[in-house]
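Shown below: start_24.txt, with compact mmCIF, C-alpha atoms and all ligand atoms.
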# COMPACT_ATOMS: atom_id res chain seq x y z
CA MET A 26 -20.97 8.47 -9.01
CA THR A 27 -22.89 5.18 -9.00
CA ASP A 28 -24.40 3.30 -6.04
CA ALA A 29 -21.88 0.52 -6.79
CA GLU A 30 -18.94 2.95 -6.41
CA ARG A 31 -20.43 4.28 -3.17
CA GLU A 32 -20.86 0.73 -1.82
CA ARG A 33 -17.34 -0.18 -2.91
CA GLY A 34 -15.87 2.65 -0.81
CA LEU A 35 -17.82 1.55 2.28
CA THR A 36 -16.83 -2.10 1.73
CA GLN A 37 -13.17 -1.12 1.44
CA LEU A 38 -13.48 0.98 4.59
CA ARG A 39 -15.06 -1.92 6.50
CA SER A 40 -12.15 -4.13 5.50
CA LEU A 41 -9.73 -1.62 7.05
CA LEU A 42 -11.39 -1.65 10.48
CA ASP A 43 -9.77 -3.50 13.36
CA SER A 44 -12.59 -5.52 14.94
CA THR A 45 -10.79 -5.58 18.31
CA ARG A 46 -11.06 -1.78 18.49
CA LEU A 47 -14.81 -1.58 17.80
CA ASP A 48 -17.29 -1.04 20.64
CA ARG A 49 -20.28 -1.63 18.34
CA GLU A 50 -21.25 -2.92 14.93
CA PRO A 51 -20.87 -0.07 12.38
CA ASP A 52 -24.17 1.43 11.25
CA HIS A 53 -24.17 2.43 7.56
CA SER A 54 -27.76 3.70 7.30
CA ALA A 55 -26.72 7.36 6.90
CA GLY A 56 -24.32 6.71 4.00
CA TYR A 57 -21.20 6.62 6.20
CA LEU A 58 -20.04 4.06 8.75
CA ASP A 59 -21.09 5.26 12.19
CA LEU A 60 -19.17 3.91 15.20
CA LEU A 61 -20.41 6.48 17.71
CA GLY A 62 -24.21 6.36 17.67
CA GLU A 63 -25.39 8.49 20.57
CA GLU A 64 -22.03 8.29 22.32
CA ALA A 65 -20.33 11.34 20.85
CA GLY A 66 -19.85 13.02 24.25
CA GLN A 67 -20.66 16.58 25.19
CA PRO A 68 -18.84 19.46 23.47
CA ARG A 69 -16.83 21.46 26.04
CA THR A 70 -16.16 24.73 24.24
CA PRO A 71 -18.03 27.14 21.90
CA ALA A 72 -15.84 26.01 19.00
CA GLN A 73 -16.60 22.32 19.63
CA ARG A 74 -20.33 23.09 19.95
CA ALA A 75 -20.27 24.93 16.62
CA MET A 76 -18.82 21.88 14.83
CA ARG A 77 -21.83 19.78 15.92
CA SER A 78 -24.30 22.26 14.41
CA SER A 79 -26.05 21.54 11.09
CA LEU A 80 -26.00 25.26 10.26
CA VAL A 81 -22.25 25.53 10.79
CA ALA A 82 -21.73 22.35 8.77
CA ALA A 83 -23.71 23.83 5.87
CA VAL A 84 -21.93 27.18 5.97
CA TYR A 85 -18.53 25.53 6.37
CA GLN A 86 -19.15 23.26 3.41
CA ARG A 87 -20.06 26.28 1.28
CA GLY A 88 -16.70 27.93 1.70
CA TRP A 89 -16.77 29.57 5.13
CA ARG A 90 -13.23 28.33 5.51
CA ASN A 91 -11.84 31.13 3.30
CA GLY A 92 -13.71 33.72 5.37
CA LEU A 93 -12.47 32.13 8.57
CA ASN A 94 -8.90 32.26 7.29
CA VAL A 95 -9.25 35.98 6.61
CA ALA A 96 -10.91 36.60 9.99
CA MET A 97 -8.05 34.81 11.73
CA GLY A 98 -5.52 37.00 9.96
CA LEU A 99 -4.25 33.88 8.21
CA ARG A 100 -2.17 35.54 5.53
CA GLY A 101 -1.62 32.26 3.80
CA PRO A 102 -3.09 30.14 1.02
CA SER A 103 -6.80 30.08 0.12
CA ALA A 104 -8.77 26.92 0.94
CA GLU A 105 -8.37 25.80 -2.69
CA GLN A 106 -4.60 26.32 -2.57
CA GLU A 107 -4.51 24.49 0.77
CA ARG A 108 -6.23 21.45 -0.79
CA ARG A 109 -3.80 21.33 -3.70
CA GLY A 110 -0.93 21.87 -1.27
CA ALA A 111 -2.14 18.97 0.89
CA VAL A 112 -2.27 16.62 -2.14
CA ARG A 113 1.34 17.58 -2.93
CA ALA A 114 2.48 17.39 0.70
CA LEU A 115 1.02 13.88 1.06
CA GLU A 116 2.47 12.86 -2.33
CA LEU A 117 -0.87 11.38 -3.39
CA GLY A 118 -1.27 9.54 -6.69
CA GLY A 119 -1.81 5.82 -7.18
CA GLU A 120 -3.41 3.13 -5.07
CA GLN A 121 -2.72 4.70 -1.70
CA ARG A 122 -4.84 4.71 1.41
CA VAL A 123 -5.19 8.20 2.83
CA LEU A 124 -6.87 9.17 6.09
CA ASP A 125 -8.35 12.66 6.50
CA VAL A 126 -8.70 13.08 10.27
CA ALA A 127 -11.51 15.44 11.40
CA CYS A 128 -12.58 15.77 7.76
CA GLY A 129 -15.65 17.96 8.47
CA PRO A 130 -17.83 18.08 5.32
CA GLY A 131 -15.16 16.31 3.27
CA ASN A 132 -13.87 19.39 1.46
CA PHE A 133 -10.35 17.92 1.40
CA THR A 134 -11.28 14.21 1.41
CA HIS A 135 -12.93 14.21 -2.02
CA VAL A 136 -9.96 16.07 -3.51
CA PHE A 137 -7.63 13.41 -2.06
CA ALA A 138 -9.81 10.67 -3.59
CA GLY A 139 -9.58 12.39 -6.97
CA ALA A 140 -5.79 12.03 -6.88
CA LEU A 141 -5.98 8.24 -6.34
CA THR A 142 -6.33 5.39 -8.81
CA GLY A 143 -7.28 1.68 -8.82
CA ASP A 144 -7.88 0.36 -5.31
CA GLY A 145 -6.84 3.63 -3.65
CA LEU A 146 -9.15 4.95 -0.92
CA ALA A 147 -9.53 8.28 0.87
CA VAL A 148 -11.20 7.87 4.29
CA GLY A 149 -12.74 10.93 5.92
CA LEU A 150 -13.10 10.50 9.71
CA ASP A 151 -15.12 12.91 11.83
CA ALA A 152 -17.14 12.84 15.06
CA SER A 153 -19.89 15.21 13.89
CA ALA A 154 -23.02 13.72 12.30
CA PRO A 155 -24.06 17.06 10.68
CA MET A 156 -20.60 17.43 9.10
CA LEU A 157 -20.71 13.89 7.73
CA ALA A 158 -24.25 14.40 6.44
CA ARG A 159 -22.83 17.23 4.32
CA ALA A 160 -19.91 15.02 3.27
CA VAL A 161 -22.10 12.18 1.99
CA GLY A 162 -24.52 14.69 0.42
CA GLU A 163 -21.97 16.76 -1.49
CA ASN A 164 -18.52 15.22 -1.42
CA VAL A 165 -18.89 11.57 -2.39
CA VAL A 166 -16.77 10.60 -5.39
CA PRO A 167 -15.19 7.29 -6.44
CA ARG A 168 -12.56 6.06 -3.91
CA VAL A 169 -13.96 7.97 -0.95
CA ALA A 170 -15.67 6.69 2.22
CA TYR A 171 -16.65 8.46 5.43
CA LEU A 172 -16.48 7.22 9.01
CA ARG A 173 -18.00 8.66 12.18
CA ALA A 174 -15.49 7.95 14.92
CA ASP A 175 -13.47 9.70 17.62
CA ALA A 176 -10.03 10.71 16.36
CA ARG A 177 -8.66 9.98 19.83
CA ARG A 178 -9.49 6.27 19.41
CA MET A 179 -9.14 5.33 15.77
CA PRO A 180 -10.56 1.93 14.80
CA PHE A 181 -7.66 0.96 12.53
CA PRO A 182 -4.71 -1.39 12.95
CA ASP A 183 -1.20 0.05 13.21
CA ALA A 184 0.41 1.21 9.93
CA SER A 185 -2.78 0.99 7.88
CA PHE A 186 -2.48 4.26 5.89
CA ASP A 187 0.08 5.56 3.39
CA ALA A 188 -0.83 9.16 4.16
CA VAL A 189 -2.55 10.82 7.11
CA CYS A 190 -3.65 14.41 7.40
CA CYS A 191 -5.42 16.68 9.86
CA TYR A 192 -6.31 20.22 8.83
CA ALA A 193 -7.99 22.87 10.98
CA ALA A 194 -8.96 20.54 13.83
CA LEU A 195 -6.13 19.80 16.29
CA TYR A 196 -6.82 23.15 17.95
CA LEU A 197 -10.44 22.13 18.62
CA VAL A 198 -9.89 18.64 20.01
CA PRO A 199 -9.66 18.34 23.83
CA GLU A 200 -6.63 15.99 23.63
CA PRO A 201 -4.76 16.99 20.45
CA PHE A 202 -1.63 15.06 21.35
CA THR A 203 -3.65 11.86 21.75
CA VAL A 204 -4.98 12.45 18.22
CA LEU A 205 -1.47 13.05 16.90
CA VAL A 206 -0.16 9.85 18.53
CA GLU A 207 -3.07 7.95 16.95
CA MET A 208 -2.25 9.46 13.55
CA LEU A 209 1.34 8.31 13.92
CA ARG A 210 0.23 4.83 15.00
CA VAL A 211 -1.83 4.28 11.84
CA LEU A 212 0.81 5.77 9.49
CA ALA A 213 2.68 3.10 7.51
CA PRO A 214 6.47 3.07 7.05
CA GLY A 215 7.38 5.46 4.23
CA GLY A 216 4.04 7.29 4.69
CA ARG A 217 3.52 11.05 4.81
CA ILE A 218 1.74 13.17 7.41
CA ALA A 219 0.41 16.72 6.94
CA LEU A 220 -0.99 18.99 9.66
CA MET A 221 -2.51 22.46 9.67
CA THR A 222 -3.24 24.02 13.03
CA SER A 223 -2.81 27.18 15.09
CA TYR A 224 0.41 28.99 15.98
CA ARG A 225 0.82 31.07 19.14
CA GLY A 226 3.43 33.36 17.66
CA SER A 227 6.94 34.21 18.78
CA TRP A 228 6.81 37.63 20.44
CA GLU A 229 4.95 39.43 23.20
CA PRO A 230 2.26 40.75 23.40
CA GLN A 231 1.23 38.70 20.32
CA ARG A 232 1.56 35.41 22.23
CA THR A 233 -0.55 36.60 25.16
CA VAL A 234 -3.26 38.08 22.93
CA ARG A 235 -3.55 34.86 20.90
CA THR A 236 -3.55 32.73 24.07
CA VAL A 237 -6.38 34.77 25.64
CA LEU A 238 -8.44 34.77 22.42
CA GLY A 239 -7.87 31.03 22.20
CA TRP A 240 -9.07 30.44 25.77
CA ALA A 241 -12.20 32.53 25.14
CA SER A 242 -13.19 30.55 22.04
CA GLY A 243 -11.87 27.11 22.96
CA VAL A 244 -9.14 27.21 20.30
CA ARG A 245 -5.80 25.90 21.55
CA MET A 246 -2.70 27.79 20.45
CA PHE A 247 0.38 25.68 19.67
CA ASP A 248 3.96 26.76 20.13
CA ARG A 249 6.38 26.48 17.27
CA ASP A 250 8.08 23.25 18.40
CA GLU A 251 5.18 21.42 20.08
CA LEU A 252 4.08 19.35 17.08
CA THR A 253 7.40 19.15 15.26
CA GLY A 254 8.99 18.00 18.55
CA ILE A 255 6.58 15.06 18.81
CA LEU A 256 7.20 14.11 15.17
CA ARG A 257 10.97 14.25 15.71
CA ALA A 258 10.78 12.23 18.93
CA SER A 259 8.66 9.64 17.09
CA GLY A 260 11.40 9.14 14.51
CA LEU A 261 9.82 11.00 11.60
CA VAL A 262 12.10 12.61 9.02
CA ASP A 263 11.90 15.37 6.37
CA ILE A 264 10.04 17.52 8.90
CA GLN A 265 9.04 20.87 7.42
CA GLN A 266 7.09 23.70 9.00
CA GLN A 267 5.61 26.83 7.46
CA LEU A 268 4.20 29.63 9.61
CA HIS A 269 1.43 31.86 8.20
CA GLY A 270 0.02 34.38 10.67
CA VAL A 271 -1.88 32.44 13.30
CA ALA A 272 -1.51 29.11 11.46
CA GLN A 273 1.22 26.53 10.97
CA PHE A 274 1.57 23.84 8.30
CA VAL A 275 3.70 20.82 9.17
CA THR A 276 4.68 17.88 6.96
CA ALA A 277 6.90 14.87 7.62
CA ARG A 278 7.59 11.27 6.59
CA ARG A 279 7.88 8.03 8.54
CA PRO A 280 11.12 6.34 7.41
CA PRO A 281 10.58 3.21 5.25
C1 LIG B 301 -12.95 23.16 11.42
S1 LIG B 301 -13.46 21.54 11.00
C2 LIG B 301 -12.17 21.06 9.87
C3 LIG B 301 -12.68 20.31 8.71
C4 LIG B 301 -11.67 19.95 7.63
N1 LIG B 301 -10.51 19.26 8.16
C5 LIG B 301 -11.22 21.17 6.85
O1 LIG B 301 -10.10 21.63 7.04
O2 LIG B 301 -12.03 21.65 6.05
C6 LIG B 301 -12.99 20.63 12.47
C7 LIG B 301 -13.61 19.25 12.55
O3 LIG B 301 -13.02 18.55 13.63
C8 LIG B 301 -13.98 17.61 14.06
N2 LIG B 301 -13.58 17.03 15.37
C9 LIG B 301 -13.37 17.69 16.54
N3 LIG B 301 -13.02 16.82 17.51
C10 LIG B 301 -13.01 15.58 16.95
C11 LIG B 301 -12.72 14.27 17.42
N4 LIG B 301 -12.36 14.03 18.70
N5 LIG B 301 -12.82 13.24 16.56
C12 LIG B 301 -13.17 13.43 15.27
N6 LIG B 301 -13.45 14.66 14.75
C13 LIG B 301 -13.38 15.72 15.57
C14 LIG B 301 -15.25 18.44 14.11
O4 LIG B 301 -16.41 17.62 14.14
C15 LIG B 301 -15.11 19.26 12.82
O5 LIG B 301 -15.79 18.66 11.74

The structure given in the file should be rewritten as structure tokens.
Amino acid sequence: MTDAERERGLTQLRSLLDSTRLDREPDHSAGYLDLLGEEAGQPRTPAQRAMRSSLVAAVYQRGWRNGLNVAMGLRGPSAEQERRGAVRALELGGEQRVLDVACGPGNFTHVFAGALTGDGLAVGLDASAPMLARAVGENVVPRVAYLRADARRMPFPDASFDAVCCYAALYLVPEPFTVLVEMLRVLAPGGRIALMTSYRGSWEPQRTVRTVLGWASGVRMFDRDELTGILRASGLVDIQQQLHGVAQFVTARRPP
């Protein structure tokens, strides 16, 4: 990875920004474009606080995700299988633009970039400076660029990405439906969306137990039709949902 390739990613990312949606000039001194500065807001829950911690960012980047999956009783794919599954679900390959919302340390973003060619670009967006410090330290490859921004107010024009994904984050964000609406806004006609988030379950007392554990930790539990319902109401097609323990995987396409 050369400095020129690194610069090229940031230049491409700059060209995607909608200047009317920027509150400040992007700062690139940390190796990613920073639109938040000191304005990131206060974390409201233990889970949100953890994501702002350098220690958690380091541990997460080193594969904590697999352990977390086991701890959550997520009887589904490993983190590596999830990454390959996300590349397939988003139908990546070629000169696409892909947006990884709440990318954390970029564990998925750099894999997405590896599936692209030519002028393709994978953008990892996250609000946490420690997470992005890990991303630019360990997960910079050709065709990747990272952006510090709030997923509830994305700085991109409508329909600017061919693929948009959000894994393991909607359950942490205070307004997950605002994030989802933003993801749909920036998704181009014919583009694919992939989501991985929590699932409340279908029977009692499972639902109540998961809801209480979620409240205690700040992790929101989603019902089966909450996300798919929004996708359907927004006109998306080919909606598919897989349930794995406490997690759900959802994919869909915006019609051309
Ligand atoms: C558990 S990590 C998921 C990382 C990555 N998607 C993965 O699956 O490996 C959740 C991420 O969501 C980010 N996040 C939470 N709220 C956010 C917001 N409003 N805007 C952008 N990122 C946010 C956190 O900073 C954290 O890095």

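Each of A:Ala138, A:Val198, A:Ala158, A:Leu58 was compared to Leu41 in chain A using all atoms listed in the file, and A:Leu58 turns out to be the nearest.
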
- Task: May I have the residues within 6 Å of ligand LIG 301 (chain B), computed using all atoms listed in the file, as a list in words?
- Result: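 Listed by chain and ascending number, the contacts are Met76, Ala127, Cys128, Gly129, Asn132, Asp151, Ala152, Ser153, Met156, Ala174, Asp175, Ala176, Arg177, Cys191, Tyr192, Ala193, Ala194, Leu197 and Val198 of chain A.
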
So which residues touch Phe202 in chain A within 9 Å, counting only C-alpha atoms, skipping near sequence neighbours fewer than 2 positions away, as a PDB file with C-alpha atoms, in the frame of the given file?
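Written output follows (part-v3.pdb):
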ATOM      1  CA  ARG A 177      -8.660   9.980  19.830  1.00  0.00           C
ATOM      2  CA  LEU A 195      -6.130  19.800  16.290  1.00  0.00           C
ATOM      3  CA  GLU A 200      -6.630  15.990  23.630  1.00  0.00           C
ATOM      4  CA  VAL A 204      -4.980  12.450  18.220  1.00  0.00           C
ATOM      5  CA  LEU A 205      -1.470  13.050  16.900  1.00  0.00           C
ATOM      6  CA  VAL A 206      -0.160   9.850  18.530  1.00  0.00           C
ATOM      7  CA  GLU A 207      -3.070   7.950  16.950  1.00  0.00           C
ATOM      8  CA  LEU A 252       4.080  19.350  17.080  1.00  0.00           C
ATOM      9  CA  ILE A 255       6.580  15.060  18.810  1.00  0.00           C
TER      10      ILE A 255
END

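Taking CA of Glu30 in chain A and CA of Arg178 in chain A as endpoints, the distance between them is 27.7 Å.
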
- Query: Which residue, A:Val275, A:Thr253, A:Pro199, A:Arg113, has the smallest gap to Thr222 in chain A when you use all atoms listed in the file?
  - Reply: A:Val275

- Query: Which polymer residues have any atom within 10 Å of an atom of Arg108 in chain A, counting all atoms listed in the file, with same-chain residues fewer than 5 positions away left out, as an NGL selection string?
  - Reply: :A and (102-103 or 113-114 or 132-137 or 192)

Filled-in N, CA and C atoms of range 185-216 of chain A, supplied as a PDB file, in the coordinates of the input:
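Contents of result_0.pdb, as written:
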ATOM      1  N   SER A 185      -1.817   1.351   8.929  1.00  0.00           N
ATOM      2  CA  SER A 185      -2.780   0.990   7.880  1.00  0.00           C
ATOM      3  C   SER A 185      -2.956   2.054   6.794  1.00  0.00           C
ATOM      4  N   PHE A 186      -2.311   3.218   6.914  1.00  0.00           N
ATOM      5  CA  PHE A 186      -2.480   4.260   5.890  1.00  0.00           C
ATOM      6  C   PHE A 186      -1.133   4.740   5.353  1.00  0.00           C
ATOM      7  N   ASP A 187      -1.129   5.046   4.042  1.00  0.00           N
ATOM      8  CA  ASP A 187       0.080   5.560   3.390  1.00  0.00           C
ATOM      9  C   ASP A 187       0.216   7.066   3.596  1.00  0.00           C
ATOM     10  N   ALA A 188      -0.859   7.714   3.941  1.00  0.00           N
ATOM     11  CA  ALA A 188      -0.830   9.160   4.160  1.00  0.00           C
ATOM     12  C   ALA A 188      -1.916   9.510   5.170  1.00  0.00           C
ATOM     13  N   VAL A 189      -1.601  10.428   6.081  1.00  0.00           N
ATOM     14  CA  VAL A 189      -2.550  10.820   7.110  1.00  0.00           C
ATOM     15  C   VAL A 189      -2.499  12.342   7.236  1.00  0.00           C
ATOM     16  N   CYS A 190      -3.668  12.953   7.308  1.00  0.00           N
ATOM     17  CA  CYS A 190      -3.650  14.410   7.400  1.00  0.00           C
ATOM     18  C   CYS A 190      -4.688  14.899   8.398  1.00  0.00           C
ATOM     19  N   CYS A 191      -4.446  16.053   8.972  1.00  0.00           N
ATOM     20  CA  CYS A 191      -5.420  16.680   9.860  1.00  0.00           C
ATOM     21  C   CYS A 191      -5.300  18.191   9.698  1.00  0.00           C
ATOM     22  N   TYR A 192      -6.316  18.782   9.086  1.00  0.00           N
ATOM     23  CA  TYR A 192      -6.310  20.220   8.830  1.00  0.00           C
ATOM     24  C   TYR A 192      -7.404  20.888   9.680  1.00  0.00           C
ATOM     25  N   ALA A 193      -7.025  22.000  10.294  1.00  0.00           N
ATOM     26  CA  ALA A 193      -7.990  22.870  10.980  1.00  0.00           C
ATOM     27  C   ALA A 193      -8.804  22.153  12.043  1.00  0.00           C
ATOM     28  N   ALA A 194      -8.191  21.249  12.806  1.00  0.00           N
ATOM     29  CA  ALA A 194      -8.960  20.540  13.830  1.00  0.00           C
ATOM     30  C   ALA A 194      -8.172  20.287  15.118  1.00  0.00           C
ATOM     31  N   LEU A 195      -6.860  20.128  15.062  1.00  0.00           N
ATOM     32  CA  LEU A 195      -6.130  19.800  16.290  1.00  0.00           C
ATOM     33  C   LEU A 195      -6.363  20.852  17.372  1.00  0.00           C
ATOM     34  N   TYR A 196      -6.608  22.086  16.965  1.00  0.00           N
ATOM     35  CA  TYR A 196      -6.820  23.150  17.950  1.00  0.00           C
ATOM     36  C   TYR A 196      -8.207  23.108  18.590  1.00  0.00           C
ATOM     37  N   LEU A 197      -9.086  22.240  18.051  1.00  0.00           N
ATOM     38  CA  LEU A 197     -10.440  22.130  18.620  1.00  0.00           C
ATOM     39  C   LEU A 197     -10.598  20.905  19.523  1.00  0.00           C
ATOM     40  N   VAL A 198      -9.726  19.922  19.334  1.00  0.00           N
ATOM     41  CA  VAL A 198      -9.890  18.640  20.010  1.00  0.00           C
ATOM     42  C   VAL A 198      -9.376  18.763  21.451  1.00  0.00           C
ATOM     43  N   PRO A 199     -10.104  18.215  22.432  1.00  0.00           N
ATOM     44  CA  PRO A 199      -9.660  18.340  23.830  1.00  0.00           C
ATOM     45  C   PRO A 199      -8.272  17.724  24.082  1.00  0.00           C
ATOM     46  N   GLU A 200      -7.956  16.614  23.420  1.00  0.00           N
ATOM     47  CA  GLU A 200      -6.630  15.990  23.630  1.00  0.00           C
ATOM     48  C   GLU A 200      -5.899  15.900  22.291  1.00  0.00           C
ATOM     49  N   PRO A 201      -5.373  17.014  21.790  1.00  0.00           N
ATOM     50  CA  PRO A 201      -4.760  16.990  20.450  1.00  0.00           C
ATOM     51  C   PRO A 201      -3.559  16.069  20.345  1.00  0.00           C
ATOM     52  N   PHE A 202      -2.822  15.905  21.453  1.00  0.00           N
ATOM     53  CA  PHE A 202      -1.630  15.060  21.350  1.00  0.00           C
ATOM     54  C   PHE A 202      -2.016  13.581  21.280  1.00  0.00           C
ATOM     55  N   THR A 203      -3.144  13.229  21.889  1.00  0.00           N
ATOM     56  CA  THR A 203      -3.650  11.860  21.750  1.00  0.00           C
ATOM     57  C   THR A 203      -4.007  11.602  20.288  1.00  0.00           C
ATOM     58  N   VAL A 204      -4.626  12.594  19.641  1.00  0.00           N
ATOM     59  CA  VAL A 204      -4.980  12.450  18.220  1.00  0.00           C
ATOM     60  C   VAL A 204      -3.707  12.291  17.388  1.00  0.00           C
ATOM     61  N   LEU A 205      -2.715  13.119  17.678  1.00  0.00           N
ATOM     62  CA  LEU A 205      -1.470  13.050  16.900  1.00  0.00           C
ATOM     63  C   LEU A 205      -0.798  11.684  17.072  1.00  0.00           C
ATOM     64  N   VAL A 206      -0.774  11.172  18.285  1.00  0.00           N
ATOM     65  CA  VAL A 206      -0.160   9.850  18.530  1.00  0.00           C
ATOM     66  C   VAL A 206      -0.936   8.768  17.762  1.00  0.00           C
ATOM     67  N   GLU A 207      -2.260   8.891  17.721  1.00  0.00           N
ATOM     68  CA  GLU A 207      -3.070   7.950  16.950  1.00  0.00           C
ATOM     69  C   GLU A 207      -2.744   8.050  15.449  1.00  0.00           C
ATOM     70  N   MET A 208      -2.587   9.279  14.964  1.00  0.00           N
ATOM     71  CA  MET A 208      -2.250   9.460  13.550  1.00  0.00           C
ATOM     72  C   MET A 208      -0.922   8.782  13.232  1.00  0.00           C
ATOM     73  N   LEU A 209       0.023   8.920  14.146  1.00  0.00           N
ATOM     74  CA  LEU A 209       1.340   8.310  13.920  1.00  0.00           C
ATOM     75  C   LEU A 209       1.254   6.788  13.992  1.00  0.00           C
ATOM     76  N   ARG A 210       0.391   6.288  14.868  1.00  0.00           N
ATOM     77  CA  ARG A 210       0.230   4.830  15.000  1.00  0.00           C
ATOM     78  C   ARG A 210      -0.264   4.211  13.692  1.00  0.00           C
ATOM     79  N   VAL A 211      -1.228   4.886  13.034  1.00  0.00           N
ATOM     80  CA  VAL A 211      -1.830   4.280  11.840  1.00  0.00           C
ATOM     81  C   VAL A 211      -1.040   4.598  10.562  1.00  0.00           C
ATOM     82  N   LEU A 212       0.012   5.396  10.672  1.00  0.00           N
ATOM     83  CA  LEU A 212       0.810   5.770   9.490  1.00  0.00           C
ATOM     84  C   LEU A 212       1.826   4.667   9.171  1.00  0.00           C
ATOM     85  N   ALA A 213       1.801   4.206   7.931  1.00  0.00           N
ATOM     86  CA  ALA A 213       2.680   3.100   7.510  1.00  0.00           C
ATOM     87  C   ALA A 213       4.115   3.590   7.304  1.00  0.00           C
ATOM     88  N   PRO A 214       5.087   2.707   7.380  1.00  0.00           N
ATOM     89  CA  PRO A 214       6.470   3.070   7.050  1.00  0.00           C
ATOM     90  C   PRO A 214       6.531   3.677   5.642  1.00  0.00           C
ATOM     91  N   GLY A 215       7.274   4.765   5.510  1.00  0.00           N
ATOM     92  CA  GLY A 215       7.380   5.460   4.230  1.00  0.00           C
ATOM     93  C   GLY A 215       6.245   6.444   3.992  1.00  0.00           C
ATOM     94  N   GLY A 216       5.228   6.453   4.888  1.00  0.00           N
ATOM     95  CA  GLY A 216       4.040   7.290   4.690  1.00  0.00           C
ATOM     96  C   GLY A 216       4.280   8.746   5.081  1.00  0.00           C
TER      97      GLY A 216
END
